[in-house]
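**Q** TSV, C-alpha atoms, saved as entry.tsv, coming up:
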```
chain	number	residue	atom	x	y	z
A	6	MET	CA	-25.55	-3.58	-9.08
A	7	LEU	CA	-23.22	-3.79	-6.09
A	8	GLU	CA	-22.61	-7.38	-5.14
A	9	PRO	CA	-23.56	-8.51	-1.62
A	10	PHE	CA	-20.97	-8.08	1.12
A	11	ARG	CA	-19.57	-11.48	1.99
A	12	SER	CA	-19.00	-12.22	5.64
A	13	SER	CA	-15.37	-12.98	6.45
A	14	GLN	CA	-13.46	-13.96	9.55
A	15	PRO	CA	-12.84	-10.71	11.45
A	16	LEU	CA	-9.21	-9.55	11.60
A	17	THR	CA	-7.95	-11.89	8.90
A	18	LEU	CA	-5.37	-10.33	6.58
A	19	GLY	CA	-4.47	-10.35	2.93
A	20	VAL	CA	-1.52	-8.42	1.49
A	21	GLU	CA	-0.72	-7.41	-2.10
A	22	LEU	CA	2.67	-6.01	-3.16
A	23	GLU	CA	3.35	-4.30	-6.49
A	24	LEU	CA	7.01	-4.79	-7.36
A	25	GLN	CA	9.55	-3.41	-9.81
A	26	LEU	CA	11.35	-5.50	-12.41
A	27	VAL	CA	14.74	-4.02	-13.33
A	28	ASN	CA	17.59	-5.08	-15.57
A	29	THR	CA	20.99	-5.75	-14.05
A	30	HIS	CA	22.86	-3.55	-16.53
A	31	ASP	CA	21.77	-0.05	-15.55
A	32	TYR	CA	18.97	-1.00	-13.12
A	33	ASP	CA	16.26	0.74	-15.12
A	34	LEU	CA	12.82	-0.86	-15.34
A	35	ALA	CA	12.68	-3.89	-17.62
A	36	PRO	CA	9.50	-5.20	-19.41
A	37	TYR	CA	9.81	-8.79	-18.24
A	38	SER	CA	6.49	-9.43	-16.51
A	39	ASP	CA	5.35	-12.02	-19.10
A	40	GLU	CA	8.54	-14.03	-18.70
A	41	MET	CA	8.33	-13.81	-14.91
A	42	LEU	CA	4.69	-14.90	-14.89
A	43	ARG	CA	5.49	-17.93	-17.06
A	44	LEU	CA	8.28	-19.03	-14.72
A	45	MET	CA	6.27	-18.38	-11.56
A	46	ALA	CA	3.29	-20.32	-12.94
A	47	LYS	CA	5.39	-23.51	-12.89
A	48	LEU	CA	5.82	-23.27	-9.11
A	49	SER	CA	3.50	-24.27	-6.29
A	50	LEU	CA	3.12	-21.08	-4.29
A	51	PRO	CA	0.75	-19.50	-1.76
A	52	GLY	CA	-1.45	-16.64	-2.86
A	53	ALA	CA	-1.19	-15.34	-6.41
A	54	VAL	CA	1.17	-13.67	-8.89
A	55	VAL	CA	-0.45	-11.41	-11.51
A	56	PRO	CA	0.47	-8.67	-14.01
A	57	GLU	CA	-0.02	-4.97	-13.37
A	58	MET	CA	-0.65	-1.88	-15.52
A	59	THR	CA	2.74	-1.78	-17.22
A	60	SER	CA	4.99	-4.66	-18.20
A	61	SER	CA	7.82	-3.73	-15.82
A	62	MET	CA	5.57	-4.42	-12.83
A	63	ILE	CA	4.40	-7.59	-11.14
A	64	GLU	CA	2.05	-8.10	-8.20
A	65	ILE	CA	2.23	-10.80	-5.56
A	66	SER	CA	-0.45	-11.47	-2.97
A	67	THR	CA	-0.88	-13.72	0.02
A	68	GLY	CA	-3.85	-15.93	0.72
A	69	VAL	CA	-6.10	-15.29	3.70
A	70	CYS	CA	-3.82	-15.03	6.75
A	71	ASN	CA	-4.56	-15.02	10.46
A	72	SER	CA	-1.49	-13.10	11.59
A	73	SER	CA	1.34	-10.88	10.42
A	74	ALA	CA	3.68	-13.83	11.01
A	75	GLN	CA	1.70	-15.85	8.48
A	76	VAL	CA	1.79	-12.89	6.09
A	77	LEU	CA	5.57	-12.79	6.44
A	78	GLY	CA	5.84	-16.53	5.84
A	79	GLU	CA	3.84	-16.38	2.62
A	80	LEU	CA	5.54	-13.21	1.36
A	81	THR	CA	8.95	-14.76	2.04
A	82	VAL	CA	8.09	-17.85	-0.03
A	83	LEU	CA	6.82	-15.64	-2.86
A	84	ARG	CA	9.84	-13.33	-2.59
A	85	ASP	CA	12.31	-16.21	-2.75
A	86	ALA	CA	10.56	-17.64	-5.82
A	87	LEU	CA	10.59	-14.24	-7.52
A	88	VAL	CA	14.32	-13.86	-6.87
A	89	ARG	CA	15.08	-17.32	-8.30
A	90	CYS	CA	13.04	-16.64	-11.43
A	91	ALA	CA	14.54	-13.19	-11.86
A	92	ASP	CA	18.04	-14.67	-11.65
A	93	LYS	CA	17.20	-16.95	-14.58
A	94	LEU	CA	16.26	-13.90	-16.65
A	95	ASN	CA	19.23	-11.81	-15.49
A	96	ILE	CA	16.94	-9.21	-13.95
A	97	ALA	CA	16.19	-8.18	-10.36
A	98	VAL	CA	13.09	-7.48	-8.27
A	99	VAL	CA	12.92	-4.32	-6.16
A	100	GLY	CA	10.55	-2.76	-3.65
A	101	GLY	CA	9.88	0.95	-3.26
A	102	GLY	CA	6.96	3.15	-4.23
A	103	THR	CA	8.59	4.62	-7.35
A	104	HIS	CA	11.51	3.68	-9.54
A	105	PRO	CA	13.96	6.54	-8.98
A	106	PHE	CA	14.81	7.38	-12.60
A	107	GLN	CA	12.56	5.52	-15.05
A	108	GLN	CA	10.99	7.57	-17.86
A	109	TRP	CA	7.21	7.09	-17.90
A	110	HIS	CA	6.87	7.47	-21.68
A	111	ARG	CA	9.06	4.40	-22.22
A	112	GLN	CA	6.74	2.08	-20.30
A	113	ARG	CA	4.53	-0.45	-22.09
A	114	ILE	CA	0.93	-1.09	-21.11
A	115	TYR	CA	0.50	-4.78	-20.26
A	116	ASP	CA	-1.57	-6.57	-22.89
A	117	LYS	CA	-4.75	-7.23	-20.93
A	118	ALA	CA	-8.24	-6.00	-21.79
A	119	ARG	CA	-8.78	-4.00	-18.58
A	120	PHE	CA	-5.37	-2.31	-18.83
A	121	ARG	CA	-5.98	-1.42	-22.50
A	122	GLU	CA	-9.35	0.11	-21.56
A	123	LEU	CA	-7.77	2.13	-18.77
A	124	SER	CA	-5.03	3.33	-21.10
A	125	GLU	CA	-7.61	4.50	-23.63
A	126	LEU	CA	-9.55	6.30	-20.89
A	127	TYR	CA	-6.69	7.89	-18.94
A	128	GLY	CA	-4.09	8.46	-21.67
A	129	TYR	CA	-0.60	9.28	-20.42
A	130	LEU	CA	-1.72	8.92	-16.79
A	131	SER	CA	-1.79	5.15	-17.33
A	132	LYS	CA	1.94	5.04	-18.00
A	133	GLN	CA	2.61	7.52	-15.22
A	134	PHE	CA	0.83	5.01	-13.00
A	135	THR	CA	4.02	2.92	-13.04
A	136	VAL	CA	4.15	3.28	-9.27
A	137	PHE	CA	4.18	0.58	-6.66
A	138	GLY	CA	1.99	0.14	-3.61
A	139	GLN	CA	1.14	-2.28	-0.85
A	140	HIS	CA	-2.54	-3.03	-0.26
A	141	VAL	CA	-3.73	-4.54	3.01
A	142	HIS	CA	-7.11	-6.26	3.34
A	143	VAL	CA	-8.63	-6.83	6.76
A	144	GLY	CA	-11.64	-9.09	7.33
A	145	CYS	CA	-14.90	-7.62	8.64
A	146	PRO	CA	-17.90	-9.53	10.07
A	147	ASP	CA	-20.54	-7.68	8.03
A	148	ALA	CA	-21.09	-4.75	5.69
A	149	ASP	CA	-21.97	-2.10	8.29
A	150	ALA	CA	-18.99	-3.17	10.41
A	151	ALA	CA	-16.79	-2.76	7.33
A	152	LEU	CA	-17.88	0.85	6.82
A	153	LEU	CA	-17.35	1.62	10.50
A	154	MET	CA	-13.88	0.05	10.24
A	155	LEU	CA	-13.12	2.00	7.08
A	156	HIS	CA	-13.90	5.41	8.56
A	157	ARG	CA	-12.10	4.65	11.80
A	158	MET	CA	-9.01	3.58	9.83
A	159	SER	CA	-9.13	6.88	7.93
A	160	ARG	CA	-7.81	8.73	10.98
A	161	TYR	CA	-4.62	6.67	10.66
A	162	ILE	CA	-3.95	7.22	6.95
A	163	PRO	CA	-1.06	9.64	7.78
A	164	HIS	CA	0.51	7.02	10.06
A	165	PHE	CA	0.36	4.39	7.29
A	166	ILE	CA	1.85	6.79	4.74
A	167	ALA	CA	4.71	7.93	6.96
A	168	LEU	CA	5.72	4.42	8.03
A	169	SER	CA	5.66	2.99	4.51
A	170	ALA	CA	6.98	5.99	2.54
A	171	SER	CA	9.57	4.82	0.01
A	172	SER	CA	9.17	7.07	-3.04
A	173	PRO	CA	11.34	10.19	-2.65
A	174	PHE	CA	12.76	10.08	-6.21
A	175	VAL	CA	10.87	10.58	-9.48
A	176	GLN	CA	12.44	11.02	-12.93
A	177	ALA	CA	15.90	11.17	-11.31
A	178	GLN	CA	14.90	14.06	-9.05
A	179	ASP	CA	14.50	14.24	-5.29
A	180	THR	CA	10.87	15.37	-5.04
A	181	GLN	CA	11.29	16.51	-1.39
A	182	PHE	CA	8.33	14.20	-0.66
A	183	ASP	CA	8.79	11.01	1.33
A	184	SER	CA	5.87	9.52	-0.64
A	185	ALA	CA	5.65	11.02	-4.12
A	186	ARG	CA	3.77	7.94	-5.36
A	187	LEU	CA	0.47	9.16	-3.95
A	188	ASN	CA	0.67	12.30	-6.10
A	189	SER	CA	0.32	10.03	-9.14
A	190	VAL	CA	-2.67	8.25	-7.60
A	191	SER	CA	-4.34	11.59	-6.81
A	192	ALA	CA	-4.41	12.50	-10.51
A	193	PHE	CA	-7.16	9.95	-11.13
A	194	PRO	CA	-10.73	11.30	-10.94
A	195	MET	CA	-12.08	8.60	-8.61
A	196	SER	CA	-9.26	8.86	-6.05
A	197	GLY	CA	-9.43	10.36	-2.58
A	198	ARG	CA	-11.69	9.24	0.24
A	199	ALA	CA	-14.82	7.14	0.38
A	200	PRO	CA	-18.14	8.95	0.99
A	201	PHE	CA	-19.10	9.11	4.64
A	202	THR	CA	-21.80	6.65	5.56
A	203	LEU	CA	-21.96	3.97	8.23
A	204	SER	CA	-24.87	2.16	6.55
A	205	TRP	CA	-24.36	-0.35	3.74
A	206	GLN	CA	-27.84	0.47	2.49
A	207	ALA	CA	-26.81	4.11	2.05
A	208	PHE	CA	-23.54	3.02	0.41
A	209	GLN	CA	-25.50	0.87	-2.05
A	210	ALA	CA	-27.60	3.93	-2.91
A	211	PHE	CA	-24.42	5.95	-3.56
A	212	PHE	CA	-23.03	3.17	-5.75
A	213	ALA	CA	-26.28	2.96	-7.70
A	214	LYS	CA	-26.15	6.71	-8.42
A	215	THR	CA	-22.55	6.59	-9.65
A	216	THR	CA	-23.11	3.57	-11.86
A	217	ARG	CA	-26.26	5.16	-13.28
A	218	THR	CA	-24.13	8.08	-14.49
A	219	GLY	CA	-21.77	5.63	-16.20
A	220	VAL	CA	-18.77	7.12	-14.39
A	221	VAL	CA	-17.98	3.78	-12.74
A	222	LYS	CA	-18.94	0.20	-13.45
A	223	SER	CA	-17.55	-1.62	-10.41
A	224	MET	CA	-15.71	-1.06	-7.13
A	225	LYS	CA	-12.44	-1.46	-9.07
A	226	ASP	CA	-13.06	1.93	-10.64
A	227	PHE	CA	-12.69	3.68	-7.27
A	228	TYR	CA	-9.08	4.52	-6.39
A	229	TRP	CA	-9.96	5.57	-2.85
A	230	ASP	CA	-7.37	5.46	-0.08
A	231	ILE	CA	-9.55	2.82	1.58
A	232	ARG	CA	-12.36	1.00	-0.16
A	233	PRO	CA	-14.72	-1.82	0.77
A	234	LYS	CA	-14.26	-5.10	-1.10
A	235	PRO	CA	-17.63	-6.83	-0.82
A	236	GLU	CA	-16.54	-9.90	-2.79
A	237	TYR	CA	-13.91	-10.63	-0.11
A	238	GLY	CA	-15.72	-9.32	2.95
A	239	THR	CA	-12.87	-6.88	3.65
A	240	ILE	CA	-11.80	-3.30	3.54
A	241	GLU	CA	-8.69	-2.59	1.46
A	242	ILE	CA	-6.16	0.03	2.57
A	243	ARG	CA	-4.28	1.37	-0.45
A	244	VAL	CA	-2.04	4.23	0.72
A	245	PHE	CA	1.09	2.24	1.58
A	246	ASP	CA	4.13	2.57	-0.66
A	247	THR	CA	5.63	-0.85	-1.35
A	248	PRO	CA	8.33	-1.29	1.31
A	249	LEU	CA	11.88	-2.29	0.45
A	250	THR	CA	11.54	-5.57	2.42
A	251	VAL	CA	8.83	-8.16	2.97
A	252	GLU	CA	9.54	-7.90	6.70
A	253	ARG	CA	8.35	-4.31	6.75
A	254	ALA	CA	5.34	-5.18	4.61
A	255	ALA	CA	4.30	-7.80	7.16
A	256	ALA	CA	4.90	-5.41	10.07
A	257	LEU	CA	2.63	-2.83	8.45
A	258	ALA	CA	-0.05	-5.50	8.04
A	259	GLY	CA	0.37	-6.29	11.74
A	260	PHE	CA	-0.19	-2.61	12.57
A	261	VAL	CA	-3.44	-2.64	10.57
A	262	GLN	CA	-4.59	-5.82	12.30
A	263	ALA	CA	-3.83	-4.44	15.77
A	264	LEU	CA	-5.78	-1.26	14.96
A	265	ALA	CA	-8.70	-3.35	13.71
A	266	ALA	CA	-8.66	-5.43	16.89
A	267	TRP	CA	-8.73	-2.25	19.00
A	268	PHE	CA	-11.69	-0.97	17.02
A	269	LEU	CA	-13.63	-4.23	17.30
A	270	HIS	CA	-12.90	-5.02	20.94
A	271	ASP	CA	-12.76	-1.58	22.58
A	272	ASP	CA	-15.13	0.43	20.34
A	273	PRO	CA	-12.96	3.51	21.02
A	274	PHE	CA	-14.78	6.19	19.01
A	275	VAL	CA	-17.51	6.74	16.44
A	276	PRO	CA	-16.21	8.45	13.29
A	277	GLN	CA	-17.91	11.59	12.01
A	278	GLU	CA	-18.02	13.42	8.69
A	279	ASP	CA	-16.17	16.27	10.42
A	280	ASP	CA	-13.15	13.96	10.84
A	281	TYR	CA	-12.46	14.62	7.16
A	282	MET	CA	-12.05	18.38	7.62
A	283	VAL	CA	-8.35	17.78	8.35
A	284	TYR	CA	-7.97	14.62	6.27
A	285	THR	CA	-6.37	16.16	3.18
A	286	TYR	CA	-4.01	18.30	5.25
A	287	ASN	CA	-2.85	15.35	7.37
A	288	ARG	CA	-2.43	13.19	4.27
A	289	PHE	CA	-0.34	15.86	2.53
A	290	GLN	CA	1.84	16.37	5.61
A	291	ALA	CA	2.62	12.64	5.78
A	292	CYS	CA	3.40	12.42	2.05
A	293	ARG	CA	5.64	15.48	2.16
A	294	PHE	CA	7.42	15.07	5.49
A	295	GLY	CA	6.97	11.41	6.46
A	296	LEU	CA	7.63	10.81	10.14
A	297	GLU	CA	8.51	14.50	10.58
A	298	ALA	CA	4.95	15.54	9.63
A	299	VAL	CA	2.50	17.54	11.70
A	300	TYR	CA	-0.73	15.75	12.66
A	301	VAL	CA	-3.96	17.60	13.38
A	302	ASP	CA	-6.28	15.72	15.73
A	303	PRO	CA	-9.68	15.67	13.97
A	304	VAL	CA	-11.62	16.02	17.24
A	305	SER	CA	-9.66	18.58	19.25
A	306	GLY	CA	-7.92	20.39	16.38
A	307	ARG	CA	-4.66	20.10	18.30
A	308	HIS	CA	-1.47	20.18	16.22
A	309	MET	CA	1.24	17.72	17.26
A	310	PRO	CA	4.15	15.83	15.71
A	311	LEU	CA	2.81	12.84	13.80
A	312	ARG	CA	5.58	10.78	15.36
A	313	GLU	CA	4.22	11.60	18.84
A	314	HIS	CA	0.70	10.51	17.91
A	315	LEU	CA	2.02	7.37	16.20
A	316	LEU	CA	4.05	6.30	19.23
A	317	ALA	CA	1.08	6.91	21.54
A	318	THR	CA	-1.07	4.80	19.20
A	319	LEU	CA	1.44	1.95	19.18
A	320	ARG	CA	1.53	1.96	22.99
A	321	ARG	CA	-2.27	1.88	23.10
A	322	LEU	CA	-2.32	-1.05	20.69
A	323	ALA	CA	0.34	-3.07	22.51
A	324	PRO	CA	-2.06	-5.50	24.29
A	325	HIS	CA	-3.89	-6.25	21.04
A	326	ALA	CA	-0.62	-6.61	19.13
A	327	GLN	CA	0.71	-9.05	21.72
A	328	ALA	CA	-2.48	-11.11	21.58
A	329	LEU	CA	-2.19	-11.31	17.79
A	330	GLY	CA	1.51	-12.21	17.86
A	331	ALA	CA	2.43	-8.86	16.30
A	332	GLY	CA	4.31	-7.48	19.31
A	333	PRO	CA	7.82	-7.79	17.80
A	334	ALA	CA	6.68	-6.15	14.56
A	335	MET	CA	5.16	-3.25	16.48
A	336	ASP	CA	8.40	-2.86	18.43
A	337	VAL	CA	10.31	-2.49	15.14
A	338	LEU	CA	7.86	0.13	13.87
A	339	ALA	CA	8.07	2.01	17.18
A	340	ALA	CA	11.88	2.01	17.11
A	341	ASP	CA	11.84	3.35	13.55
A	342	ALA	CA	9.31	6.02	14.48
A	343	GLU	CA	11.50	7.11	17.40
A	344	GLN	CA	14.43	7.58	15.02
A	345	GLY	CA	12.41	9.04	12.13
A	346	ALA	CA	13.55	6.10	10.00
A	347	ASN	CA	11.54	4.92	7.00
A	348	ASP	CA	12.51	3.56	3.59
A	349	ALA	CA	12.50	7.03	2.04
A	350	ARG	CA	15.24	8.00	4.49
A	351	TRP	CA	17.20	4.82	3.63
A	352	LEU	CA	17.02	5.63	-0.10
A	353	ARG	CA	18.13	9.23	0.43
A	354	GLN	CA	21.01	8.14	2.63
A	355	ARG	CA	22.22	5.71	-0.05
A	356	GLN	CA	21.97	8.36	-2.75
A	357	ALA	CA	23.88	10.87	-0.60
A	358	ARG	CA	26.65	8.30	-0.22
A	359	GLU	CA	26.72	6.80	-3.74
A	360	ARG	CA	25.70	9.82	-5.86
A	361	LEU	CA	24.29	7.36	-8.42
A	362	LEU	CA	20.64	6.31	-8.46
A	363	ALA	CA	21.39	3.11	-10.40
A	364	GLU	CA	23.61	2.00	-7.51
A	365	VAL	CA	20.83	2.87	-5.07
A	366	VAL	CA	18.45	0.60	-7.02
A	367	ARG	CA	21.05	-2.18	-7.05
A	368	GLN	CA	21.39	-1.96	-3.28
A	369	ALA	CA	17.60	-1.85	-2.91
A	370	ALA	CA	17.41	-5.07	-4.94
A	371	LEU	CA	19.85	-6.71	-2.53
A	372	ARG	CA	17.77	-5.41	0.38
A	373	PHE	CA	14.62	-6.95	-1.09
A	374	GLN	CA	16.46	-10.26	-1.42
A	375	GLY	CA	17.30	-10.10	2.28
A	376	ARG	CA	21.03	-9.69	1.68
A	377	ARG	CA	21.33	-6.21	3.29
```
If you took the structure in this file and wrote it as structure tokens, what would it be?

**A**
Amino acid sequence: MLEPFRSSQPLTLGVELELQLVNTHDYDLAPYSDEMLRLMAKLSLPGAVVPEMTSSMIEISTGVCNSSAQVLGELTVLRDALVRCADKLNIAVVGGGTHPFQQWHRQRIYDKARFRELSELYGYLSKQFTVFGQHVHVGCPDADAALLMLHRMSRYIPHFIALSASSPFVQAQDTQFDSARLNSVSAFPMSGRAPFTLSWQAFQAFFAKTTRTGVVKSMKDFYWDIRPKPEYGTIEIRVFDTPLTVERAAALAGFVQALAAWFLHDDPFVPQEDDYMVYTYNRFQACRFGLEAVYVDPVSGRHMPLREHLLATLRRLAPHAQALGAGPAMDVLAADAEQGANDARWLRQRQARERLLAEVVRQAALRFQGRR
């Protein structure tokens, strides 16, 4: 039975960041999540700090925030606490969607009932799921409004991927993808896109059918790019790679909030099932080429540079961003889009200069700390 959709304050935000724990010897992943959780539990902090699938990962999340500035404030407090605790353990915390050279078979499944169940179900995919994403929740006034928001947001999945891409390296190889992380997510059977319906009643019927088959038991079993979260009264966008800085994470949340405000206030378009005819192609382009991707408009079929469509979108959102206090964050994203600059590019540039991925991770750790 799908739980009722809770009403929430429209446009409120919540952000989750999955982060890497690395040793400070060779900067490989280090299984220190238990120790980090014990230290973090002693502190009075906003939001939450929880384990993730493998023991070299940790997740932080904000509380309910009204603006990207508040998101940044809470993430900064959590980041600073993480860095202090990591220093005590002689390890470091790093952003990025993948660790550049970790070996998946060496990872340990975190000792929690749900993670053990997933490991038994998915086998080696569970350890390969040692990848790191940012999830953004946005508040919706009711269930039908949430589905409308979800399918409108789906047109902007390539924009989210390109701006957040930070996973070019896997198993010490340049994958030639800006976001290789999403290839790991796509291996799971319940990944992809949500079914098209703008009615919560119809969505409940879909959920009832899938649970009746035993394929899923709850909304947690869907690894969709965007999924409704009825217990929070939100939709959750899940395609972002974890950025290298909390500043970029907050800016991306501001972008989501400005889009949501445009949808709610201007009612710019009604999504259609046909929008998804180009969805997989646009998503692949953004994963592979980042800000250099081609974007196919789902209505006209016109091909254009994704960067061009992104910049036009940011200009259109400017009044809403200003009203929400996200103007400066949008300006940063626009400047990066103009230059084709994302975190994947930063990582590649460092590797081209250093020729040593361990040094790249070390510098990424300093960047996460705010020292670079």

**Q** For Gln209 in chain A, which residue out of A:Leu152, A:Leu187, A:Ala263, A:Val76 is the nearest one, using only C-alpha atoms?

**A** A:Leu152

**Q** Just want the 7 Å neighbourhood of range 287-294 of chain A, counted on all atoms listed in the file, with same-chain residues fewer than 4 positions away dropped. Output as a list of chain:residue names.

**A**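 Within the cut-off, the hits are A:Ile162, A:Pro163, A:Ile166, A:Ala167, A:Gln181, A:Phe182, A:Asp183, A:Ser184, A:Ala185, A:Val283, A:Ala298, A:Val299, A:Tyr300, A:Val301.
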
**Q** Using all atoms listed in the file, find each residue of range 184-251 of chain A with at least one atom at most 10 Å away from an atom of range 19-26 of chain A; report its shortest atom-to-atom pair and that distance in Å (one decimal), sort the rows by chain and rising residue number, and return the result as a Markdown table.

**A**
```
| residue | atom | partner | partner_atom | distance |
| --- | --- | --- | --- | --- |
| A:Tyr237 | CA | A:Gly19 | CA | 9.9 |
| A:Thr239 | CA | A:Gly19 | CA | 9.1 |
| A:Glu241 | CA | A:Gly19 | CA | 9.0 |
| A:Ile242 | CA | A:Val20 | CA | 9.7 |
| A:Arg243 | CA | A:Glu21 | CA | 9.6 |
| A:Phe245 | CA | A:Leu22 | CA | 9.6 |
| A:Asp246 | CA | A:Glu23 | CA | 9.0 |
| A:Thr247 | CA | A:Leu22 | CA | 6.2 |
| A:Pro248 | CA | A:Leu22 | CA | 8.6 |
| A:Leu249 | CA | A:Leu24 | CA | 9.5 |
| A:Val251 | CA | A:Leu22 | CA | 9.0 |
```

**Q** Please tell me which residues are no farther than 9 Å from (2.3, -9.2, -13.5) in the file, counting all atoms listed in the file, and write them as JSON, numbers by chain.

**A** {"A": [23, 24, 37, 38, 39, 41, 42, 54, 55, 56, 57, 58, 59, 60, 61, 62, 63, 64, 65, 115]}

**Q** Using only C-alpha atoms, find the one residue out of A:Ser49, A:Ala256, A:Arg350, A:Arg84 that sits nearest to Gly332 in chain A.

**A**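 Of all the options, A:Ala256 lies closest to Gly332 in chain A.
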
**Q** Take the structure in the block and write a file for range 94-112 of chain A, N, CA and C atoms, as a PDB file, in the first residue's frame.

**A**
```pdb
ATOM      1  N   LEU A  94      40.777  10.792  12.448  1.00  0.00           N
ATOM      2  CA  LEU A  94      40.972   9.406  12.004  1.00  0.00           C
ATOM      3  C   LEU A  94      42.073   9.281  10.948  1.00  0.00           C
ATOM      4  N   ASN A  95      42.693  10.411  10.615  1.00  0.00           N
ATOM      5  CA  ASN A  95      43.733  10.446   9.587  1.00  0.00           C
ATOM      6  C   ASN A  95      43.201   9.953   8.238  1.00  0.00           C
ATOM      7  N   ILE A  96      41.989  10.377   7.928  1.00  0.00           N
ATOM      8  CA  ILE A  96      41.406  10.105   6.620  1.00  0.00           C
ATOM      9  C   ILE A  96      40.917  11.435   6.050  1.00  0.00           C
ATOM     10  N   ALA A  97      40.353  11.407   4.851  1.00  0.00           N
ATOM     11  CA  ALA A  97      39.841  12.625   4.219  1.00  0.00           C
ATOM     12  C   ALA A  97      38.478  12.323   3.591  1.00  0.00           C
ATOM     13  N   VAL A  98      37.715  13.385   3.382  1.00  0.00           N
ATOM     14  CA  VAL A  98      36.391  13.291   2.762  1.00  0.00           C
ATOM     15  C   VAL A  98      36.474  13.976   1.401  1.00  0.00           C
ATOM     16  N   VAL A  99      35.879  13.345   0.391  1.00  0.00           N
ATOM     17  CA  VAL A  99      36.003  13.831  -0.981  1.00  0.00           C
ATOM     18  C   VAL A  99      34.640  13.787  -1.659  1.00  0.00           C
ATOM     19  N   GLY A 100      34.391  14.771  -2.528  1.00  0.00           N
ATOM     20  CA  GLY A 100      33.231  14.735  -3.397  1.00  0.00           C
ATOM     21  C   GLY A 100      33.557  13.973  -4.672  1.00  0.00           C
ATOM     22  N   GLY A 101      32.700  14.124  -5.672  1.00  0.00           N
ATOM     23  CA  GLY A 101      32.886  13.421  -6.942  1.00  0.00           C
ATOM     24  C   GLY A 101      31.943  12.236  -7.058  1.00  0.00           C
ATOM     25  N   GLY A 102      31.541  11.922  -8.289  1.00  0.00           N
ATOM     26  CA  GLY A 102      30.570  10.870  -8.516  1.00  0.00           C
ATOM     27  C   GLY A 102      31.130   9.467  -8.470  1.00  0.00           C
ATOM     28  N   THR A 103      32.430   9.313  -8.743  1.00  0.00           N
ATOM     29  CA  THR A 103      33.119   8.031  -8.599  1.00  0.00           C
ATOM     30  C   THR A 103      34.470   8.293  -7.960  1.00  0.00           C
ATOM     31  N   HIS A 104      34.990   7.276  -7.271  1.00  0.00           N
ATOM     32  CA  HIS A 104      36.397   7.328  -6.884  1.00  0.00           C
ATOM     33  C   HIS A 104      37.195   6.903  -8.108  1.00  0.00           C
ATOM     34  N   PRO A 105      38.254   7.634  -8.464  1.00  0.00           N
ATOM     35  CA  PRO A 105      38.906   7.389  -9.758  1.00  0.00           C
ATOM     36  C   PRO A 105      39.558   6.029  -9.931  1.00  0.00           C
ATOM     37  N   PHE A 106      40.007   5.373  -8.835  1.00  0.00           N
ATOM     38  CA  PHE A 106      40.770   4.136  -9.055  1.00  0.00           C
ATOM     39  C   PHE A 106      40.439   3.020  -8.071  1.00  0.00           C
ATOM     40  N   GLN A 107      39.420   3.163  -7.242  1.00  0.00           N
ATOM     41  CA  GLN A 107      39.061   2.083  -6.323  1.00  0.00           C
ATOM     42  C   GLN A 107      38.688   0.813  -7.097  1.00  0.00           C
ATOM     43  N   GLN A 108      38.898  -0.333  -6.470  1.00  0.00           N
ATOM     44  CA  GLN A 108      38.523  -1.623  -7.038  1.00  0.00           C
ATOM     45  C   GLN A 108      37.242  -2.100  -6.359  1.00  0.00           C
ATOM     46  N   TRP A 109      36.174  -2.275  -7.125  1.00  0.00           N
ATOM     47  CA  TRP A 109      34.863  -2.545  -6.535  1.00  0.00           C
ATOM     48  C   TRP A 109      34.866  -3.809  -5.677  1.00  0.00           C
ATOM     49  N   HIS A 110      35.641  -4.827  -6.062  1.00  0.00           N
ATOM     50  CA  HIS A 110      35.583  -6.096  -5.339  1.00  0.00           C
ATOM     51  C   HIS A 110      36.179  -5.995  -3.939  1.00  0.00           C
ATOM     52  N   ARG A 111      36.910  -4.919  -3.666  1.00  0.00           N
ATOM     53  CA  ARG A 111      37.497  -4.734  -2.333  1.00  0.00           C
ATOM     54  C   ARG A 111      36.540  -4.046  -1.354  1.00  0.00           C
ATOM     55  N   GLN A 112      35.423  -3.557  -1.834  1.00  0.00           N
ATOM     56  CA  GLN A 112      34.514  -2.806  -0.976  1.00  0.00           C
ATOM     57  C   GLN A 112      33.729  -3.738  -0.060  1.00  0.00           C
TER      58      GLN A 112
END
```
